[in-house]
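input-v3.txt follows; it contains compact mmCIF, C-alpha atoms.
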```txt
# COMPACT_ATOMS: atom_id res chain seq x y z
CA GLY C 1 20.95 -6.46 2.53
CA ASP C 2 20.77 -7.16 -1.16
CA SER C 3 19.80 -4.29 -3.42
CA VAL C 4 19.55 -3.18 -7.04
CA THR C 5 20.20 0.32 -8.35
CA GLN C 6 19.22 1.34 -11.83
CA MET C 7 19.42 4.61 -13.64
CA GLU C 8 16.67 7.12 -13.14
CA GLY C 9 14.35 7.77 -16.02
CA PRO C 10 12.65 8.67 -18.11
CA VAL C 11 14.87 7.81 -21.02
CA THR C 12 13.68 9.37 -24.26
CA LEU C 13 15.09 8.15 -27.58
CA SER C 14 14.36 8.35 -31.26
CA GLU C 15 13.62 5.19 -33.20
CA GLU C 16 16.77 3.26 -34.20
CA ALA C 17 18.88 4.87 -31.46
CA PHE C 18 21.16 2.83 -29.21
CA LEU C 19 19.85 2.04 -25.74
CA THR C 20 21.73 1.52 -22.50
CA ILE C 21 20.01 1.26 -19.12
CA ASN C 22 22.50 0.93 -16.28
CA CYS C 23 21.98 -1.53 -13.43
CA THR C 24 24.30 -2.27 -10.53
CA TYR C 25 23.71 -4.59 -7.61
CA THR C 26 24.83 -5.36 -4.09
CA ALA C 27 24.55 -8.96 -2.99
CA THR C 28 26.34 -11.56 -0.95
CA GLY C 29 27.26 -14.75 -2.71
CA TYR C 30 26.33 -15.32 -6.32
CA PRO C 31 23.01 -13.81 -7.31
CA SER C 32 21.04 -14.53 -10.45
CA LEU C 33 20.21 -11.39 -12.44
CA PHE C 34 17.14 -10.52 -14.47
CA TRP C 35 15.63 -7.83 -16.62
CA TYR C 36 11.85 -7.53 -16.66
CA VAL C 37 9.73 -5.31 -18.90
CA GLN C 38 6.31 -3.84 -18.09
CA TYR C 39 4.22 -2.52 -20.97
CA PRO C 40 1.45 -0.03 -20.13
CA GLY C 41 -1.43 -1.69 -18.31
CA GLU C 42 0.24 -5.09 -18.23
CA GLY C 43 2.15 -7.29 -15.82
CA LEU C 44 5.88 -7.83 -15.82
CA GLN C 45 7.45 -10.07 -18.42
CA LEU C 46 10.83 -11.71 -18.08
CA LEU C 47 13.04 -10.19 -20.78
CA LEU C 48 16.34 -11.96 -20.12
CA LYS C 49 18.42 -13.47 -17.35
CA ALA C 50 21.94 -14.54 -16.38
CA THR C 51 22.76 -16.90 -13.57
CA LYS C 52 26.55 -16.70 -13.31
CA ALA C 53 29.43 -14.34 -13.97
CA ASP C 54 30.19 -13.53 -17.62
CA ASP C 55 26.88 -15.02 -18.79
CA LYS C 56 25.14 -12.95 -21.44
CA GLY C 57 21.36 -12.94 -21.51
CA SER C 58 19.64 -11.95 -24.74
CA ASN C 59 16.12 -11.71 -26.11
CA LYS C 60 14.29 -9.63 -28.74
CA GLY C 61 17.48 -7.74 -29.60
CA PHE C 62 18.19 -6.83 -25.96
CA GLU C 63 21.37 -8.00 -24.26
CA ALA C 64 22.93 -7.81 -20.80
CA THR C 65 26.16 -9.30 -19.47
CA TYR C 66 26.68 -10.36 -15.86
CA ARG C 67 29.82 -8.51 -14.72
CA LYS C 68 30.90 -9.66 -11.29
CA GLU C 69 33.94 -7.40 -11.17
CA THR C 70 31.81 -4.27 -11.58
CA THR C 71 28.63 -5.78 -10.03
CA SER C 72 26.68 -4.65 -13.08
CA PHE C 73 24.06 -5.98 -15.49
CA HIS C 74 23.48 -3.16 -17.99
CA LEU C 75 20.71 -3.57 -20.56
CA GLU C 76 21.53 -2.69 -24.19
CA LYS C 77 19.79 -2.70 -27.54
CA GLY C 78 21.36 -1.60 -30.77
CA SER C 79 18.28 -0.10 -32.43
CA VAL C 80 15.15 0.65 -30.42
CA GLN C 81 11.63 0.70 -31.83
CA VAL C 82 8.53 2.59 -30.75
CA SER C 83 7.15 -0.73 -29.50
CA ASP C 84 10.00 -0.94 -26.96
CA SER C 85 8.44 1.91 -24.98
CA ALA C 86 7.86 0.45 -21.51
CA VAL C 87 9.21 0.36 -17.97
CA TYR C 88 12.30 -1.82 -17.49
CA PHE C 89 13.19 -3.40 -14.15
CA CYS C 90 16.49 -4.91 -13.16
CA ALA C 91 16.19 -7.60 -10.45
CA LEU C 92 18.13 -10.25 -8.59
CA THR C 93 17.62 -13.34 -6.52
CA SER C 94 20.19 -14.61 -4.06
CA ASN C 95 20.59 -17.00 -1.18
CA GLN C 96 20.18 -14.12 1.24
CA ALA C 97 17.01 -12.92 -0.47
CA GLY C 98 15.51 -16.39 -0.34
CA THR C 99 12.81 -16.70 -2.97
CA ALA C 100 12.32 -12.96 -3.29
CA LEU C 101 13.09 -11.01 -6.41
CA ILE C 102 14.77 -7.79 -5.36
CA PHE C 103 13.82 -5.12 -7.87
CA GLY C 104 15.31 -1.82 -8.89
CA LYS C 105 12.92 1.14 -9.06
CA GLY C 106 12.40 0.81 -12.79
CA THR C 107 13.39 2.96 -15.79
CA THR C 108 10.78 4.33 -18.14
CA LEU C 109 11.79 4.23 -21.81
CA SER C 110 9.94 6.35 -24.34
CA VAL C 111 10.78 5.89 -28.04
CA SER C 112 9.45 8.31 -30.64
CA SER C 113 9.26 7.84 -34.40
CA GLU G 1 -1.06 -21.33 -22.73
CA ALA G 2 1.27 -21.15 -19.74
CA GLN G 3 0.11 -18.33 -17.52
CA VAL G 4 -0.61 -16.88 -14.13
CA THR G 5 -4.22 -15.74 -13.80
CA GLN G 6 -5.30 -13.16 -11.26
CA ASN G 7 -8.82 -12.03 -10.50
CA PRO G 8 -10.24 -9.50 -10.36
CA ARG G 9 -8.28 -7.04 -12.54
CA TYR G 10 -9.86 -4.04 -10.82
CA LEU G 11 -11.49 -3.76 -7.43
CA ILE G 12 -12.86 -0.83 -5.45
CA THR G 13 -13.85 -1.64 -1.88
CA VAL G 14 -14.54 0.06 1.43
CA THR G 15 -12.38 0.05 4.52
CA GLY G 16 -12.81 -3.07 6.63
CA LYS G 17 -14.63 -5.23 4.09
CA LYS G 18 -12.79 -8.53 3.73
CA LEU G 19 -11.65 -9.43 0.22
CA THR G 20 -9.72 -12.13 -1.60
CA VAL G 21 -7.65 -11.78 -4.74
CA THR G 22 -7.28 -15.12 -6.47
CA CYS G 23 -4.15 -16.36 -8.24
CA SER G 24 -3.79 -19.55 -10.24
CA GLN G 25 -0.94 -20.94 -12.36
CA ASN G 26 -1.00 -23.81 -14.84
CA MET G 27 2.74 -24.49 -15.07
CA ASN G 28 3.13 -26.81 -12.08
CA HIS G 29 5.48 -24.28 -10.46
CA GLU G 30 6.71 -24.83 -6.93
CA TYR G 31 7.30 -21.18 -6.04
CA MET G 32 4.57 -18.56 -5.85
CA SER G 33 4.75 -15.01 -4.62
CA TRP G 34 2.71 -11.84 -4.15
CA TYR G 35 4.07 -8.35 -4.81
CA ARG G 36 2.66 -4.88 -4.54
CA GLN G 37 3.76 -2.03 -6.79
CA ASP G 38 3.59 1.56 -5.58
CA PRO G 39 4.88 4.76 -7.21
CA GLY G 40 8.29 5.67 -5.89
CA LEU G 41 8.58 2.43 -3.92
CA GLY G 42 8.81 -0.06 -6.77
CA LEU G 43 7.84 -3.70 -6.27
CA ARG G 44 7.88 -5.22 -2.81
CA GLN G 45 7.24 -8.82 -1.83
CA ILE G 46 4.26 -9.45 0.46
CA TYR G 47 4.29 -13.24 0.93
CA TYR G 48 5.77 -16.22 -0.81
CA SER G 49 5.32 -19.97 -0.91
CA MET G 50 7.87 -22.62 -1.78
CA ASN G 51 5.38 -25.47 -1.90
CA VAL G 52 1.94 -26.62 -0.76
CA GLU G 53 1.30 -25.67 2.88
CA VAL G 54 4.63 -23.77 3.03
CA THR G 55 4.29 -19.98 3.17
CA ASP G 56 6.43 -17.20 4.60
CA LYS G 57 6.45 -13.45 5.00
CA GLY G 58 8.10 -11.12 2.54
CA ASP G 59 9.05 -7.50 3.14
CA VAL G 60 5.56 -6.05 3.69
CA PRO G 61 3.23 -8.77 5.09
CA GLU G 62 1.24 -6.65 7.57
CA GLY G 63 -2.48 -6.67 6.85
CA TYR G 64 -2.33 -9.63 4.45
CA LYS G 65 -2.83 -13.38 4.66
CA VAL G 66 -2.18 -16.15 2.15
CA SER G 67 -2.78 -19.86 1.86
CA ARG G 68 -1.39 -22.61 -0.36
CA LYS G 69 -3.69 -25.60 -0.12
CA GLU G 70 -3.10 -26.66 -3.72
CA LYS G 71 -0.03 -26.23 -5.86
CA ARG G 72 -1.76 -24.14 -8.51
CA ASN G 73 -3.56 -21.61 -6.27
CA PHE G 74 -2.20 -18.91 -4.01
CA PRO G 75 -4.93 -16.45 -2.91
CA LEU G 76 -4.18 -13.16 -1.19
CA ILE G 77 -6.57 -12.26 1.61
CA LEU G 78 -7.13 -8.82 3.09
CA GLU G 79 -9.12 -9.39 6.29
CA SER G 80 -9.74 -5.71 7.00
CA PRO G 81 -8.50 -3.56 4.11
CA SER G 82 -7.32 -0.02 4.79
CA PRO G 83 -6.64 2.87 2.38
CA ASN G 84 -2.87 2.33 2.64
CA GLN G 85 -3.40 -1.01 0.90
CA THR G 86 -4.52 0.78 -2.25
CA SER G 87 -2.00 -0.50 -4.75
CA LEU G 88 -1.31 -2.61 -7.83
CA TYR G 89 -0.85 -6.25 -6.87
CA PHE G 90 0.95 -8.95 -8.82
CA CYS G 91 1.03 -12.68 -8.34
CA ALA G 92 4.00 -14.57 -9.75
CA SER G 93 5.21 -18.15 -10.00
CA SER G 94 8.48 -19.88 -10.78
CA LEU G 95 9.83 -23.37 -11.23
CA ARG G 96 12.74 -22.54 -8.91
CA ASP G 97 14.32 -19.45 -7.44
CA ASN G 98 16.82 -18.65 -10.22
CA TYR G 99 14.52 -19.62 -13.08
CA GLY G 100 12.71 -16.30 -13.43
CA TYR G 101 9.17 -15.58 -12.35
CA THR G 102 6.07 -15.48 -14.56
CA PHE G 103 3.78 -12.65 -13.50
CA GLY G 104 0.04 -12.25 -13.66
CA SER G 105 -1.57 -9.20 -15.28
CA GLY G 106 -2.12 -7.46 -11.97
CA THR G 107 -5.00 -6.42 -9.74
CA ARG G 108 -5.55 -2.73 -9.15
CA LEU G 109 -7.11 -2.37 -5.71
CA THR G 110 -8.60 0.84 -4.36
CA VAL G 111 -9.70 0.99 -0.72
CA VAL G 112 -11.88 3.99 0.17
```
For the file at hand, write its structure as structure tokens.
Amino acid sequence: GDSVTQMEGPVTLSEEAFLTINCTYTATGYPSLFWYVQYPGEGLQLLLKATKADDKGSNKGFEATYRKETTSFHLEKGSVQVSDSAVYFCALTSNQAGTALIFGKGTTLSVSS
Amino acid sequence: EAQVTQNPRYLITVTGKKLTVTCSQNMNHEYMSWYRQDPGLGLRQIYYSMNVEVTDKGDVPEGYKVSRKEKRNFPLILESPSPNQTSLYFCASSLRDNYGYTFGSGTRLTVV
């Protein structure tokens, strides 16, 4: 079945460092890909998405490119802030998954000043 | 403000006492879904609905019921809660399946 694998955390960075969180997927057909962010004590917020190969999603300085050849959707940010500390989830929807979002396990990011 | 509203935010209950967690969205979304989040297991879908009166099971439906009598509401019902249903629950809605879901703030349920 469809699945999402993302790098284990926690990821600990200093402010203004470069961030990469790796995400790879297994899916039949052409899934849509998402990154969600969960701040402490809150629900999940959609951070960015891409619905077809080579699409780049971007929001709040974060970017991810849908790479069909490597089945990847890595999240990047050029300069992280303390306020970016949160849990990040990679997810997909596909025809096989129906309406379900298939989530990765989440990666905790901690940014210190 | 466009949002998904869940109530209550926190609930402690005893085994076997029926409870309902409400979920309402004001975005006229067709799709609604319930997830539970558990440490080490991530987020798993419980039930989903593609429209009024259309519901279907997700990955972990046992012990739960849902209904979709109106487009905006999608309550989650635990007829006889058990301790293994202690979890953080999220309701979510979407315009369509590749649009991206909007999540509620969550309901932390403890069953003792």
Discussion item. For C:Ser83, find every residue with an atom within 12 Å (counting all atoms listed in the file), except residues of its own chain fewer than 6 positions away, and show them as a PyMOL selection string.
Written reply: chain C and resi 14-16+37-40+60+109-113
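Taking atom CA of C:Val87 as the reference point, atom CA of G:Thr22 is found at 25.4 Å.
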Discussion item. Neighbouring residues of G:Asp38 were defined as those with any atom within 9 Å, considering all atoms listed in the file; residues of the same chain fewer than 4 positions away were excluded. Please report them as a list in words.
Written reply: Gly42, Leu43, Arg44, Thr86, Ser87 and Leu88 of chain G
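Atom to atom, atom CA of C:Glu63 and atom CA of G:Tyr101 stand 18.7 Å apart.
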Just want the 6 Å neighbourhood of C:Leu92, counted on only C-alpha atoms, with same-chain residues fewer than 4 positions away dropped. Output as a PDB file with C-alpha atoms, in the frame of the given file.
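Final output, result24.pdb:
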```pdb
ATOM      1  CA  SER C  32      21.040 -14.530 -10.450  1.00  0.00           C
ATOM      2  CA  LEU C  33      20.210 -11.390 -12.440  1.00  0.00           C
ATOM      3  CA  PHE C  34      17.140 -10.520 -14.470  1.00  0.00           C
ATOM      4  CA  LEU C 101      13.090 -11.010  -6.410  1.00  0.00           C
ATOM      5  CA  ILE C 102      14.770  -7.790  -5.360  1.00  0.00           C
TER       6      ILE C 102
END
```
Determine, using all atoms listed in the file, which residues of chain C have any atom at most 10 Å from an atom of chain G, and tabulate each with its shortest atom pair and distance in Å to one decimal place, rows ordered by chain and then rising number, as a tab-separated table.
```
residue	atom	partner	partner_atom	distance
C:Pro31	CA	G:Asn98	CA	8.4
C:Ser32	CA	G:Asn98	CA	5.9
C:Leu33	CA	G:Asn98	CA	8.3
C:Phe34	CA	G:Gly100	CA	7.4
C:Trp35	CA	G:Gly100	CA	9.5
C:Tyr36	CA	G:Gly100	CA	9.4
C:Gln38	CA	G:Ser105	CA	9.9
C:Gly41	CA	G:Ser105	CA	8.1
C:Glu42	CA	G:Ser105	CA	5.4
C:Gly43	CA	G:Ser105	CA	4.2
C:Leu44	CA	G:Phe103	CA	5.7
C:Gln45	CA	G:Phe103	CA	6.7
C:Leu46	CA	G:Gly100	CA	6.8
C:Leu47	CA	G:Gly100	CA	9.6
C:Leu48	CA	G:Gly100	CA	8.8
C:Lys49	CA	G:Gly100	CA	7.5
C:Ala50	CA	G:Asn98	CA	9.0
C:Thr51	CA	G:Asn98	CA	7.0
C:Phe89	CA	G:Gly42	CA	9.2
C:Ala91	CA	G:Gly100	CA	9.8
C:Leu92	CA	G:Asn98	CA	8.7
C:Thr93	CA	G:Asn98	CA	6.5
C:Ser94	CA	G:Asn98	CA	8.1
C:Asn95	CA	G:Asp97	CA	9.2
C:Ala97	CA	G:Gly58	CA	9.6
C:Gly98	CA	G:Asp97	CA	7.8
C:Thr99	CA	G:Asp97	CA	5.5
C:Ala100	CA	G:Gln45	CA	6.7
C:Leu101	CA	G:Gln45	CA	7.7
C:Ile102	CA	G:Arg44	CA	7.8
C:Phe103	CA	G:Leu43	CA	6.4
C:Gly104	CA	G:Gly42	CA	7.1
C:Lys105	CA	G:Gly42	CA	4.9
C:Gly106	CA	G:Gly42	CA	7.1
```
Response to the item:
atom CA of G:Val112 to atom CA of G:Asn7 measures 19.5 Å
Which protein, DNA or RNA residues have an atom at most 10 Å from (-12.9, -1.1, 4.8), counting only C-alpha atoms? List them as a compact mmCIF listing (two decimals) with C-alpha atoms, keeping the file's coordinate frame.
```
# COMPACT_ATOMS: atom_id res chain seq x y z
CA THR G 13 -13.85 -1.64 -1.88
CA VAL G 14 -14.54 0.06 1.43
CA THR G 15 -12.38 0.05 4.52
CA GLY G 16 -12.81 -3.07 6.63
CA LYS G 17 -14.63 -5.23 4.09
CA LYS G 18 -12.79 -8.53 3.73
CA LEU G 19 -11.65 -9.43 0.22
CA LEU G 78 -7.13 -8.82 3.09
CA GLU G 79 -9.12 -9.39 6.29
CA SER G 80 -9.74 -5.71 7.00
CA PRO G 81 -8.50 -3.56 4.11
CA SER G 82 -7.32 -0.02 4.79
CA PRO G 83 -6.64 2.87 2.38
CA VAL G 111 -9.70 0.99 -0.72
CA VAL G 112 -11.88 3.99 0.17
```
Worksheet item: Which neighbours of C:Lys68 fall inside 10 Å, counting all atoms listed in the file, when residues of the same chain fewer than 5 positions from it are skipped, and could you give them as a list in words?
Response: Thr24, Tyr25, Tyr30, Pro31, Lys52, Ala53, Asp54 and Phe73 of chain C
For the residues selected in the previous step, produce a file with C-alpha atoms as an mmCIF file, keeping the file's coordinate frame.
```cif
data_model
loop_
_atom_site.group_PDB
_atom_site.id
_atom_site.type_symbol
_atom_site.label_atom_id
_atom_site.label_comp_id
_atom_site.auth_asym_id
_atom_site.auth_seq_id
_atom_site.Cartn_x
_atom_site.Cartn_y
_atom_site.Cartn_z
ATOM 1 C CA THR C 24 24.300 -2.270 -10.530
ATOM 2 C CA TYR C 25 23.710 -4.590 -7.610
ATOM 3 C CA TYR C 30 26.330 -15.320 -6.320
ATOM 4 C CA PRO C 31 23.010 -13.810 -7.310
ATOM 5 C CA LYS C 52 26.550 -16.700 -13.310
ATOM 6 C CA ALA C 53 29.430 -14.340 -13.970
ATOM 7 C CA ASP C 54 30.190 -13.530 -17.620
ATOM 8 C CA PHE C 73 24.060 -5.980 -15.490
#
```
Selection near G:Lys71, 12 Å with all atoms listed in the file, sequence-local residues under 4 positions removed, as a PDB file with C-alpha atoms, in the frame of the given file:
```
ATOM      1  CA  CYS G  23      -4.150 -16.360  -8.240  1.00  0.00           C
ATOM      2  CA  SER G  24      -3.790 -19.550 -10.240  1.00  0.00           C
ATOM      3  CA  GLN G  25      -0.940 -20.940 -12.360  1.00  0.00           C
ATOM      4  CA  ASN G  26      -1.000 -23.810 -14.840  1.00  0.00           C
ATOM      5  CA  MET G  27       2.740 -24.490 -15.070  1.00  0.00           C
ATOM      6  CA  ASN G  28       3.130 -26.810 -12.080  1.00  0.00           C
ATOM      7  CA  HIS G  29       5.480 -24.280 -10.460  1.00  0.00           C
ATOM      8  CA  GLU G  30       6.710 -24.830  -6.930  1.00  0.00           C
ATOM      9  CA  TYR G  31       7.300 -21.180  -6.040  1.00  0.00           C
ATOM     10  CA  MET G  32       4.570 -18.560  -5.850  1.00  0.00           C
ATOM     11  CA  SER G  49       5.320 -19.970  -0.910  1.00  0.00           C
ATOM     12  CA  MET G  50       7.870 -22.620  -1.780  1.00  0.00           C
ATOM     13  CA  ASN G  51       5.380 -25.470  -1.900  1.00  0.00           C
ATOM     14  CA  VAL G  52       1.940 -26.620  -0.760  1.00  0.00           C
ATOM     15  CA  GLU G  53       1.300 -25.670   2.880  1.00  0.00           C
ATOM     16  CA  VAL G  54       4.630 -23.770   3.030  1.00  0.00           C
ATOM     17  CA  THR G  55       4.290 -19.980   3.170  1.00  0.00           C
ATOM     18  CA  SER G  67      -2.780 -19.860   1.860  1.00  0.00           C
ATOM     19  CA  PRO G  75      -4.930 -16.450  -2.910  1.00  0.00           C
ATOM     20  CA  SER G  93       5.210 -18.150 -10.000  1.00  0.00           C
ATOM     21  CA  SER G  94       8.480 -19.880 -10.780  1.00  0.00           C
ATOM     22  CA  LEU G  95       9.830 -23.370 -11.230  1.00  0.00           C
TER      23      LEU G  95
END
```
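Compared by their closest atoms to C:Thr71, and using all atoms listed in the file, the residues C:Ala27, C:Val11, C:Tyr88, C:Thr108 rank with C:Ala27 nearest.
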Discussion item. Under the rule that only C-alpha atoms are counted, which of C:Asp2, C:Thr26, C:Val82, C:Met7 is the nearest residue to C:Glu69?
Written reply: C:Thr26
